[in-house]
Amino acid sequence: MCALGPERTESANEQFPYCPGRAGVSATLPEVALRAVAVTASQDRRSAARRPKATTEEVAAFLQIPVPTLYQWRHAKKGPPAVLVGRHLRFAWDDVESWWDAQKAQQNP
């Protein structure tokens, strides 16, 4: 959609940056479309990465191990990767599942 004609306002120009015939427009329609696709792809990656993170208790329950074992594994650098948020560990579910798959592959070649 483009705001053309005498009713065009500055706010309409800001909403619709691609308007054929508008002075000062340097982007062509394909360039604008490519930028929109790139932004959408990066938003998809961010939204997947922003799923709720797992707590130590949730990961221990998932792995069916005691919580202290998970802390021991972290100290020995053997368990799934975690991030320290303040004094609390948080795990990305994708990392936990990747670690789990790697463990299965190592033990069942």
# chains A, B, ... in the order shown; residues from 1 in each chain; ligands from 1

$ closest_atom_pairs --of "range 57-81 of chain A" --to "range 89-101 of chain A" --cutoff "10 Å" --atoms "only C-alpha atoms" --output "JSON lines"
{"residue": "A:Glu57", "atom": "CA", "partner": "A:Leu89", "partner_atom": "CA", "distance": 9.8}
{"residue": "A:Glu58", "atom": "CA", "partner": "A:Phe91", "partner_atom": "CA", "distance": 9.2}
{"residue": "A:Val59", "atom": "CA", "partner": "A:Phe91", "partner_atom": "CA", "distance": 7.6}
{"residue": "A:Phe62", "atom": "CA", "partner": "A:Val96", "partner_atom": "CA", "distance": 9.4}
{"residue": "A:Leu63", "atom": "CA", "partner": "A:Trp100", "partner_atom": "CA", "distance": 8.6}
{"residue": "A:Tyr71", "atom": "CA", "partner": "A:Leu89", "partner_atom": "CA", "distance": 9.3}
{"residue": "A:Arg74", "atom": "CA", "partner": "A:Leu89", "partner_atom": "CA", "distance": 9.9}
{"residue": "A:Lys78", "atom": "CA", "partner": "A:Trp99", "partner_atom": "CA", "distance": 9.7}
{"residue": "A:Gly79", "atom": "CA", "partner": "A:Trp99", "partner_atom": "CA", "distance": 7.7}
{"residue": "A:Pro80", "atom": "CA", "partner": "A:Val96", "partner_atom": "CA", "distance": 5.4}
{"residue": "A:Pro81", "atom": "CA", "partner": "A:Asp95", "partner_atom": "CA", "distance": 6.5}

$ atom_distance --atom1 "CA of Val83 in chain A" --atom2 "CA of Lys104 in chain A"
23.1 Å

$ atom_distance --atom1 "CA of Val85 in chain A" --atom2 "CA of Pro52 in chain A"
13.5 Å

$ atom_distance --atom1 "CA of Val67 in chain A" --atom2 "CA of Ala82 in chain A"
13.7 Å

$ select_by_dssp --residues "range 48-82 of chain A" --states "helix (DSSP H, G or I)" --output "list in words"
Ala48, Ala49, Thr56, Glu57, Glu58, Val59, Ala60, Ala61, Phe62, Leu63, Val67, Pro68, Thr69, Leu70, Tyr71, Gln72, Trp73, Arg74 and His75 of chain A

$ write_last_selection --atoms "C-alpha atoms" --output "short mmCIF file (atom, residue, chain, number, x, y, z; two decimals), in the first residue's frame"
data_model
loop_
_atom_site.label_atom_id
_atom_site.label_comp_id
_atom_site.auth_asym_id
_atom_site.auth_seq_id
_atom_site.Cartn_x
_atom_site.Cartn_y
_atom_site.Cartn_z
CA ALA A 48 12.69 -19.98 18.65
CA ALA A 49 15.65 -18.98 20.82
CA THR A 56 17.71 -27.10 36.98
CA GLU A 57 14.76 -28.95 38.49
CA GLU A 58 13.02 -29.25 35.10
CA VAL A 59 16.12 -30.60 33.37
CA ALA A 60 16.79 -33.04 36.22
CA ALA A 61 13.18 -34.27 35.97
CA PHE A 62 13.51 -34.59 32.18
CA LEU A 63 16.73 -36.62 32.52
CA VAL A 67 19.40 -32.21 40.94
CA PRO A 68 22.81 -32.53 42.71
CA THR A 69 23.97 -34.85 39.89
CA LEU A 70 23.23 -32.11 37.37
CA TYR A 71 25.31 -29.66 39.42
CA GLN A 72 28.17 -32.19 39.60
CA TRP A 73 28.04 -32.71 35.84
CA ARG A 74 28.18 -28.96 35.27
CA HIS A 75 31.20 -28.66 37.55
#
